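File shown here: protein.txt, holding compact mmCIF, C-alpha atoms.
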# COMPACT_ATOMS: atom_id res chain seq x y z
CA MET A 325 164.96 43.33 139.57
CA ILE A 326 168.23 41.87 140.54
CA ALA A 327 168.61 38.07 140.84
CA VAL A 328 170.92 36.65 143.58
CA ALA A 329 172.53 33.21 143.21
CA CYS A 330 171.99 30.86 146.14
CA GLY A 331 174.37 28.54 147.86
CA GLY A 332 177.45 30.86 148.10
CA ASN A 333 180.97 29.70 147.15
CA LYS A 334 181.45 26.01 146.42
CA THR A 335 184.28 24.20 148.24
CA THR A 336 185.74 20.89 147.10
CA ALA A 337 186.64 18.47 149.98
CA PRO A 338 190.12 16.88 149.92
CA SER A 339 190.33 13.28 148.84
CA PRO A 340 191.32 10.83 151.62
CA ALA A 341 195.06 9.99 151.88
CA THR A 342 196.12 6.58 150.70
CA GLY A 343 197.69 4.49 153.46
CA GLY A 344 197.73 7.40 155.90
CA SER A 345 201.17 8.86 154.85
CA THR A 346 203.11 10.50 152.01
CA THR A 347 206.34 9.14 150.49
CA GLY A 348 209.07 11.67 149.33
CA PRO A 349 212.31 11.06 147.30
CA GLN A 350 215.02 9.07 149.18
CA PRO A 351 218.66 10.59 149.58
CA THR A 352 221.35 9.16 147.28
CA PRO A 353 224.17 7.39 149.26
CA ARG A 354 227.53 9.14 149.08
CA PRO A 355 230.10 7.26 147.00
CA ALA A 356 233.01 5.61 148.80
CA THR A 357 236.19 7.70 148.76
CA LEU A 358 239.79 7.24 149.92
CA VAL A 359 240.40 8.50 153.44
CA GLY A 360 243.70 6.83 154.38
CA LEU A 361 246.91 5.10 153.21
CA THR A 362 249.39 3.63 155.72
CA PHE A 363 252.38 1.25 155.85
CA ASP A 364 252.74 -1.49 158.44
CA ARG A 365 256.15 -0.09 159.49
CA PRO A 366 258.03 3.21 159.14
CA SER A 367 261.15 1.73 157.50
CA LEU A 368 262.73 -1.40 156.02
CA THR A 369 265.90 -2.53 154.29
CA GLY A 370 265.86 -2.59 150.49
CA GLY A 371 264.85 -5.97 149.09
CA GLN A 372 262.13 -6.56 151.67
CA THR A 373 258.31 -6.40 151.24
CA VAL A 374 256.05 -3.97 153.04
CA THR A 375 252.26 -3.98 153.42
CA ALA A 376 250.22 -0.88 152.54
CA THR A 377 246.63 -0.51 153.83
CA LEU A 378 243.97 1.47 151.94
CA ARG A 379 240.99 2.79 153.90
CA LEU A 380 237.67 4.03 152.45
CA SER A 381 235.03 6.33 153.89
CA SER A 382 232.35 3.67 153.36
CA ALA A 383 231.95 0.23 151.86
CA ALA A 384 233.12 -0.15 148.27
CA PRO A 385 230.23 -0.25 145.74
CA ASP A 386 229.18 -3.19 143.61
CA GLY A 387 232.07 -4.12 141.38
CA GLY A 388 234.58 -2.70 143.88
CA LEU A 389 236.55 0.53 143.87
CA ALA A 390 239.60 0.80 141.64
CA VAL A 391 242.58 2.65 143.21
CA SER A 392 245.67 3.75 141.29
CA LEU A 393 249.09 3.49 142.98
CA SER A 394 252.30 5.31 142.10
CA SER A 395 255.75 5.53 143.73
CA SER A 396 258.15 8.47 143.91
CA ALA A 397 261.19 6.18 143.46
CA GLY A 398 261.82 3.03 141.47
CA ILE A 399 263.14 1.12 144.51
CA LEU A 400 259.52 0.82 145.72
CA THR A 401 257.41 -1.09 143.17
CA ALA A 402 253.63 -1.00 143.57
CA PRO A 403 250.94 -2.44 141.25
CA ALA A 404 249.50 0.23 138.97
CA THR A 405 245.94 -0.49 140.14
CA VAL A 406 244.31 -2.39 142.98
CA THR A 407 240.59 -2.90 143.61
CA VAL A 408 238.94 -2.68 147.01
CA PRO A 409 236.33 -5.50 146.91
CA ALA A 410 232.63 -4.62 147.03
CA GLY A 411 231.32 -4.18 150.56
CA GLN A 412 234.75 -3.70 152.14
CA MET A 413 236.17 -0.51 153.65
CA THR A 414 239.86 -1.56 153.84
CA MET A 415 242.32 -3.49 151.72
CA GLU A 416 245.95 -4.54 152.09
CA ALA A 417 248.46 -4.52 149.23
CA SER A 418 251.99 -6.01 149.24
CA ILE A 419 254.63 -3.58 147.99
CA ASN A 420 258.07 -4.76 146.88
CA THR A 421 261.34 -2.85 147.40
CA SER A 422 264.72 -3.31 145.78
CA MET A 423 268.25 -2.82 147.15
CA THR A 424 269.56 0.72 147.25
CA PRO A 425 273.12 2.05 147.72
CA THR A 426 271.87 4.87 149.96
CA ASP A 427 269.05 5.37 152.42
CA THR A 428 266.01 6.77 150.56
CA THR A 429 262.63 8.12 151.69
CA VAL A 430 259.92 7.01 149.23
CA THR A 431 256.35 8.31 148.89
CA LEU A 432 253.52 6.01 147.76
CA THR A 433 250.47 7.81 146.33
CA ALA A 434 246.97 6.30 146.01
CA ALA A 435 244.29 7.94 143.80
CA ALA A 436 240.58 7.19 143.37
CA GLY A 437 237.73 9.45 142.23
CA GLY A 438 239.94 12.54 142.24
CA VAL A 439 241.03 11.96 145.88
CA LEU A 440 244.76 11.45 146.69
CA GLN A 441 246.36 9.91 149.76
CA ASP A 442 250.14 9.73 150.46
CA ALA A 443 252.32 7.59 152.76
CA LYS A 444 256.10 7.81 153.27
CA ILE A 445 258.56 5.03 154.16
CA ASP A 446 262.35 4.93 154.65
CA VAL A 447 264.13 2.32 152.54
CA PHE A 448 267.58 1.61 154.00
CA ALA A 449 270.65 0.56 152.07
CA ILE A 450 271.70 -3.03 152.56
CA GLY A 451 274.69 -3.43 154.88
CA VAL A 452 274.28 0.01 156.45
CA LEU A 453 276.35 0.50 159.59
CA ASP A 454 274.22 1.17 162.64
CA VAL A 455 276.83 1.33 165.43
CA LEU A 456 280.62 1.68 165.50
CA ASP A 457 282.00 1.04 168.96
CA THR A 458 284.65 -0.83 170.92
CA PRO A 459 284.63 -3.45 173.67
CA VAL A 460 287.40 -1.48 175.37
CA ARG A 461 285.94 -0.19 178.62
CA ALA A 462 287.55 3.22 178.89
CA LYS A 463 288.86 3.64 175.31
CA TYR A 464 292.41 4.32 176.51
CA LEU A 465 294.76 2.30 174.34
CA TYR A 466 298.48 1.60 174.60
CA PRO A 467 300.88 -0.38 172.39
CA GLY A 468 301.44 -4.03 173.11
CA ASN A 469 297.84 -5.14 173.73
CA SER A 470 295.19 -6.36 171.28
CA TRP A 471 292.56 -3.67 170.89
CA THR A 472 289.53 -3.97 168.59
CA VAL A 473 286.83 -1.83 167.01
CA GLN A 474 283.41 -3.33 166.35
CA GLY A 475 280.79 -2.58 163.68
CA THR A 476 277.10 -3.51 163.88
CA LEU A 477 274.76 -3.48 160.87
CA ARG A 478 271.08 -2.55 160.90
CA GLU A 479 270.20 -5.87 159.30
CA HIS A 480 272.04 -9.16 158.79
CA ALA A 481 274.22 -8.96 155.69
CA THR A 482 272.74 -10.79 152.70
CA ALA A 483 276.06 -10.79 150.86
CA LEU A 484 279.72 -10.06 151.64
CA THR A 485 279.86 -6.46 152.85
CA ILE A 486 283.23 -4.73 153.19
CA MET A 487 283.38 -1.52 155.22
CA GLU A 488 286.47 0.67 155.17
CA LEU A 489 287.71 2.38 158.34
CA ARG A 490 289.70 5.63 158.47
CA SER A 491 291.95 6.92 161.23
CA SER A 492 292.41 10.60 161.99
CA ASN A 493 296.05 9.82 162.91
CA PRO A 494 297.34 6.62 161.26
CA ALA A 495 300.81 7.23 162.67
CA VAL A 496 299.38 6.66 166.16
CA LEU A 497 296.41 4.30 165.66
CA GLU A 498 295.16 2.47 162.59
CA PRO A 499 292.83 -0.47 161.87
CA SER A 500 294.43 -3.71 160.72
CA GLY A 501 292.02 -3.71 157.74
CA PRO A 502 288.38 -3.15 156.77
CA ILE A 503 285.44 -4.69 158.61
CA GLN A 504 284.13 -7.63 156.56
CA PHE A 505 280.59 -8.85 157.17
CA GLY A 506 279.92 -12.29 155.72
CA PRO A 507 276.42 -13.34 154.62
CA GLY A 508 274.14 -13.74 157.62
CA THR A 509 276.35 -11.73 160.00
CA ILE A 510 275.41 -8.51 161.71
CA GLN A 511 278.47 -7.74 163.89
CA GLN A 512 282.21 -7.98 163.23
CA ARG A 513 285.48 -6.70 164.73
CA VAL A 514 288.93 -5.82 163.48
CA PHE A 515 292.14 -5.19 165.39
CA LEU A 516 293.51 -1.74 166.10
CA VAL A 517 297.26 -1.22 165.96
CA ALA A 518 298.45 1.35 168.52
CA LYS A 519 301.88 2.95 168.02
CA PRO A 520 304.19 4.26 170.78
CA VAL A 521 303.44 7.77 172.00
CA ALA A 522 305.10 10.08 174.50
CA ASP A 523 301.82 11.46 175.86
CA ASP A 524 298.06 11.01 175.55
CA THR A 525 297.01 11.38 171.90
CA PRO A 526 293.31 11.49 170.84
CA VAL A 527 292.42 9.56 167.66
CA THR A 528 289.10 9.15 165.82
CA ILE A 529 288.18 6.01 163.84
CA THR A 530 285.47 6.64 161.20
CA ALA A 531 283.34 4.37 159.00
CA THR A 532 280.90 5.49 156.28
CA SER A 533 278.32 3.28 154.59
CA GLY A 534 274.95 3.86 152.91
CA GLY A 535 275.19 7.59 153.53
CA GLN A 536 275.67 7.00 157.27
CA THR A 537 278.83 7.96 159.16
CA ARG A 538 279.80 6.54 162.53
CA ARG A 539 282.78 7.47 164.71
CA VAL A 540 284.45 6.20 167.85
CA GLU A 541 286.96 8.16 169.91
CA PHE A 542 290.11 6.73 171.48
CA VAL A 543 293.09 8.04 173.44
CA VAL A 544 296.43 6.36 172.78
CA THR A 545 298.58 6.49 175.91
CA PRO A 546 302.07 5.40 176.94
CA PRO A 547 302.17 1.75 178.06
CA PRO A 548 301.79 0.94 181.77
CA SER A 549 305.05 0.68 183.66
CA MET A 550 306.70 0.91 187.04
CA ARG A 551 310.27 1.99 187.62
CA VAL A 552 311.54 1.03 191.05
CA ILE A 553 314.71 2.37 192.68
CA THR A 554 315.74 0.85 195.99
CA GLU A 555 318.73 1.90 198.07
CA SER A 556 320.43 0.41 201.10
CA ARG A 557 323.71 0.92 202.90
CA THR A 558 325.54 -1.18 200.33
CA GLN A 559 323.83 -0.81 196.96
CA THR A 560 321.36 0.94 194.71
CA GLN A 561 319.08 -1.11 192.43
CA THR A 562 316.99 0.19 189.56
CA SER A 563 314.50 -1.89 187.61
CA THR A 564 312.02 -0.88 184.92
CA THR A 565 309.27 -3.42 184.29
CA ALA A 566 306.37 -3.60 181.87
CA PHE A 567 303.70 -5.33 183.94
CA PHE A 568 301.37 -7.90 182.48
CA LEU A 569 298.82 -7.77 185.32
CA MET A 570 297.59 -4.57 186.92
CA ASN A 571 294.83 -3.59 189.26
CA ALA A 572 293.87 -0.17 190.53
CA ARG A 573 290.89 0.78 192.59
CA ALA A 574 289.71 3.56 194.83
CA SER A 575 287.97 3.24 198.18
CA CYS A 576 285.94 5.44 200.47
CA GLY A 577 284.86 7.80 197.70
CA GLY A 578 288.43 8.36 196.50
CA HIS A 579 289.95 8.78 199.95
CA GLY A 580 292.22 5.79 199.24
CA ILE A 581 293.91 4.32 196.14
CA HIS A 582 295.11 0.73 195.99
CA LEU A 583 297.59 -0.44 193.37
CA SER A 584 298.57 -4.02 192.58
CA LEU A 585 301.21 -4.86 189.96
CA VAL A 586 302.50 -8.30 189.04
CA SER A 587 305.70 -8.52 187.00
CA PRO A 588 306.59 -11.22 184.46
CA SER A 589 308.87 -12.69 187.14
CA ASN A 590 305.74 -13.12 189.29
CA THR A 591 306.72 -10.47 191.82
CA THR A 592 303.67 -8.71 193.27
CA TRP A 593 303.95 -5.09 194.35
CA LEU A 594 301.18 -3.63 196.52
CA PHE A 595 300.75 0.05 197.29
CA ASP A 596 298.06 1.69 199.45
CA LEU A 597 297.72 5.45 199.50
CA TYR A 598 295.38 7.52 201.68
CA ALA A 599 294.76 11.24 201.77
CA ALA A 600 294.20 13.09 205.01
CA PRO A 601 290.82 12.31 206.62
CA GLY A 602 287.84 13.81 204.82
CA SER A 603 289.69 14.46 201.56
CA VAL A 604 289.94 12.74 198.16
CA ILE A 605 293.21 11.91 196.43
CA ARG A 606 293.68 14.40 193.60
CA PRO A 607 296.78 15.45 191.63
CA GLY A 608 299.29 17.02 193.98
CA ALA A 609 301.98 16.28 196.54
CA TYR A 610 301.17 14.43 199.76
CA ASN A 611 304.09 15.08 202.08
CA ASP A 612 304.76 13.75 205.58
CA ALA A 613 302.98 10.49 204.83
CA VAL A 614 303.23 7.74 207.43
CA SER A 615 302.60 3.98 207.59
CA ASP A 616 300.68 4.08 210.84
CA PRO A 617 296.98 3.13 210.77
CA TYR A 618 296.48 4.86 214.13
CA ASP A 619 297.71 8.21 212.86
CA ARG A 620 294.71 10.10 211.44
CA SER A 621 296.42 13.46 211.08
CA HIS A 622 298.68 12.67 208.10
CA PRO A 623 298.41 11.07 204.66
CA GLN A 624 299.29 7.38 204.74
CA VAL A 625 301.40 5.21 202.44
CA TYR A 626 302.00 1.46 202.50
CA ALA A 627 304.16 -0.70 200.24
CA SER A 628 304.95 -4.40 200.12
CA ALA A 629 306.74 -6.87 197.84
CA ASP A 630 309.89 -8.95 198.25
CA TRP A 631 311.32 -5.72 199.66
CA SER A 632 310.88 -4.77 203.33
CA CYS A 633 311.18 -1.53 205.23
CA PHE A 634 311.30 -1.63 209.03
CA PRO A 635 310.48 -0.07 211.30
CA ALA A 636 307.37 1.67 209.90
CA PRO A 637 308.51 3.98 207.09
CA THR A 638 307.69 7.59 206.43
CA GLY A 639 307.58 9.18 203.03
CA ARG A 640 305.54 11.04 200.48
CA PHE A 641 303.62 10.42 197.27
CA VAL A 642 303.03 12.73 194.34
CA VAL A 643 299.97 12.12 192.15
CA ASP A 644 300.23 13.45 188.61
CA LEU A 645 296.99 11.87 187.37
CA ALA A 646 294.08 10.16 189.13
CA ASP A 647 291.30 9.64 186.59
CA TYR A 648 288.24 8.28 188.39
CA ASP A 649 285.28 6.78 186.58
CA THR A 650 282.33 9.02 187.41
CA ALA A 651 279.93 6.06 187.16
CA LEU A 652 281.82 4.19 189.90
CA PRO A 653 283.55 6.90 191.92
CA SER A 654 284.26 4.65 194.89
CA SER A 655 286.01 1.80 193.09
CA PHE A 656 287.11 2.41 189.50
CA ILE A 657 290.22 4.31 188.41
CA ARG A 658 290.76 4.69 184.68
CA ARG A 659 294.36 5.93 184.91
CA PHE A 660 296.97 6.66 187.53
CA ARG A 661 300.36 8.29 187.32
CA GLY A 662 302.48 9.16 190.28
CA VAL A 663 305.61 8.68 192.36
CA ILE A 664 305.84 6.96 195.75
CA GLU A 665 308.86 7.53 198.03
CA LEU A 666 309.59 5.70 201.30
CA SER A 667 312.35 6.20 203.83
CA CYS A 668 313.14 3.52 206.40
CA ALA A 669 314.85 3.83 209.75
CA ASN A 670 317.29 1.08 208.72
CA ASN A 671 318.74 3.32 205.98
CA ARG A 672 316.74 1.75 203.21
CA SER A 673 314.62 3.71 200.77
CA LEU A 674 312.34 3.10 197.82
CA ARG A 675 311.14 5.21 194.92
CA ALA A 676 308.43 3.83 192.62
CA GLU A 677 307.39 5.67 189.46
CA ILE A 678 304.04 4.23 188.33
CA SER A 679 301.97 4.75 185.18
CA LEU A 680 298.75 2.77 184.72
CA ASN A 681 296.30 3.23 181.87
CA ASP A 682 292.84 1.68 181.99
CA PRO A 683 293.80 -0.99 184.54
CA GLY A 684 291.55 -3.68 185.88
CA PHE A 685 289.50 -2.93 188.95
CA SER A 686 287.72 -4.55 191.83
CA ARG A 687 284.47 -3.67 193.56
CA THR A 688 285.62 -5.21 196.85
CA ALA A 689 284.29 -3.20 199.76
CA ASP A 690 286.90 -1.49 201.92
CA SER A 691 286.81 -0.28 205.49
CA CYS A 692 287.82 3.36 205.52
CA PRO A 693 290.69 4.26 207.80

Entire entry expressed as structure tokens:
Amino acid sequence: MIAVACGGNKTTAPSPATGGSTTGPQPTPRPATLVGLTFDRPSLTGGQTVTATLRLSSAAPDGGLAVSLSSSAGILTAPATVTVPAGQMTMEASINTSMTPTDTTVTLTAAAGGVLQDAKIDVFAIGVLDVLDTPVRAKYLYPGNSWTVQGTLREHATALTIMELRSSNPAVLEPSGPIQFGPGTIQQRVFLVAKPVADDTPVTITATSGGQTRRVEFVVTPPPSMRVITESRTQTQTSTTAFFLMNARASCGGHGIHLSLVSPSNTTWLFDLYAAPGSVIRPGAYNDAVSDPYDRSHPQVYASADWSCFPAPTGRFVVDLADYDTALPSSFIRRFRGVIELSCANNRSLRAEISLNDPGFSRTADSCP
């Protein structure tokens, strides 16, 4: 007889949960790491202080986060170690620089927990020339006037700074000496000595400082002059004058040129030249010119001084050079060279040979003939 156990399989009921929930292990916060290093400016002159900012991925732990600093060049001096205070994500550090004879790019490296961050900054040499230029408007120079060249530093000089200038052609144009910047100055000039030339001669003035080279271009030209020959029934007079006051301007888009020359004896010569209608005065010969404002079919020429020509003269003018300023094409002439000839019905005549280099100009509006 086989005996069978009663009650089947026995199942144990789960015990009730405490508090209604289960608590697992909490994640460990990630440690703060370096994520950035920046300067408060891209460049500075040696001897100044710059601020570097360290940035962390999260707040620094209790006790702070130590960061090591190192520089690629001795002209930038950083503390060996700085500590980002506990609970902060950024920190600023003052970095000193020293003077340098040449412009130098320096790299600052920050290291913490095996993470590196770099930042670059340009440290400029003290007394480095930024601009070499001239107050001369058109840069056409001639002997007899006081011309200058001007240097501008990047920063005010902290000590006497002497900057040598070189000329590509000292026999034609040379500086009177070096540019000397006294303490606290940022801009200085020296005179340029122009020598006589027979024709336009380009010259370059160069300065080099702190690894930087600056140049300014000039053209040395013959001095301005006017040679006047007048003839009458009884005599011929020739005078060559170096004028101390000159004015040249164009009108009507270059259709007319107006010349004014005052001699040391205070004689004023005025010349007005006009091309044929619709054309601009360019180098060339303008024949059959008349002094008649009602004649629109010919070039026109007018002259006045203590010399008279009546009745209305006829003549011609030959333009060898008419150098207009492209920025002010209707009023500014840089240079003019030409010959003006007049014939009068009373057997008088005039020939004026004119050479003007970088004259003054006027923006006075003109009515076009």

Go through A:Gln441, A:Ser603, A:Ser589, A:Thr638 and flag the residue nearest Ser394 (chain A), using all atoms listed in the file for the distances.
-> A:Gln441

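Counting only C-alpha atoms, the residue from A:Val391, A:Ile678, A:Val496, A:Ala599 that sits nearest to Asp619 (chain A) is A:Ala599.
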
Mind checking which residues fall within 7 Å of Tyr598 (chain A), counting all atoms listed in the file, ignoring those fewer than 2 positions away in the same chain, and posting them as a PyMOL selection string?
-> chain A and resi 579-581+596+600+623-625

Neighbour list for Pro355 (chain A) as a PyMOL selection string, cut-off 12 Å, all atoms listed in the file, skip fewer than 5 positions in-chain = chain A and resi 380-386+388-389+413+436-437+439

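Using only C-alpha atoms, the smallest distance between any of A:Pro507, A:Arg659, A:Leu585, A:Arg606 and Ala676 (chain A) comes from A:Leu585.
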
Listed atoms of region 391-395 of chain A boxed along x, y and z, 8 Å each side, centre and edge lengths in Å, one decimal, as JSON:
{"center_x": 249.2, "center_y": 4.1, "center_z": 142.5, "size_x": 29.2, "size_y": 18.9, "size_z": 18.4}

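Every protein or nucleic acid residue with an atom no more than 9 Å from Ala483 (chain A), counting all atoms listed in the file and leaving out same-chain residues fewer than 4 positions away, appears here: Gly451, Phe505, Gly506, Pro507 and Gly508 of chain A.
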
Could you turn the residues from that selection into a file that holds C-alpha atoms, as a PDB file, in the frame of the given file?
ATOM      1  CA  GLY A 451     274.690  -3.430 154.880  1.00  0.00           C
ATOM      2  CA  PHE A 505     280.590  -8.850 157.170  1.00  0.00           C
ATOM      3  CA  GLY A 506     279.920 -12.290 155.720  1.00  0.00           C
ATOM      4  CA  PRO A 507     276.420 -13.340 154.620  1.00  0.00           C
ATOM      5  CA  GLY A 508     274.140 -13.740 157.620  1.00  0.00           C
TER       6      GLY A 508
END

For CA of Ala390 (chain A) and CA of Pro403 (chain A), determine how far apart the two atoms are, in Å to one decimal place.
->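 Calculated distance between CA of Ala390 (chain A) and CA of Pro403 (chain A) is 11.8 Å.
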
Which of A:Phe448, A:Tyr618, A:Tyr466, A:Phe363 sits closest to Met415 (chain A) [using all atoms listed in the file] =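 Among the listed residues, A:Phe363 lies closest to Met415 (chain A).
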
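Rounded to one decimal, CA of Thr424 (chain A) and CA of Val374 (chain A) lie 15.4 Å from each other.
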
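Shortest separation to Thr476 (chain A) among A:Thr537, A:Gln511, A:Ser396, A:Ser367 occurs at residue A:Gln511, atoms counted being only C-alpha atoms.
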
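CA of Ala402 (chain A) is positioned 17.3 Å from CA of Leu358 (chain A).
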
Taking only C-alpha atoms into account, which of A:Leu477, A:Leu645, A:Leu583, A:Val430 comes nearest Lys444 (chain A)?
->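 Under the stated criterion, the closest residue is A:Val430.
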
Contacts of Thr373 (chain A) within 12 Å, all atoms listed in the file, excl. fewer than 3 positions in-chain, as a ChimeraX atom specification | /A:363-365,367-370,376,399-402,417-423,445,447

Counting all atoms listed in the file, what is within 7 Å of Val543 (chain A), bar same-chain residues fewer than 4 positions away, as a VMD selection string?
-> chain A and resid 463 to 465 524 to 527

Could you write out that same residue set with C-alpha atoms as a CSV table (one decimal), keeping the file's coordinate frame?
chain,number,residue,atom,x,y,z
A,463,LYS,CA,288.9,3.6,175.3
A,464,TYR,CA,292.4,4.3,176.5
A,465,LEU,CA,294.8,2.3,174.3
A,524,ASP,CA,298.1,11.0,175.6
A,525,THR,CA,297.0,11.4,171.9
A,526,PRO,CA,293.3,11.5,170.8
A,527,VAL,CA,292.4,9.6,167.7
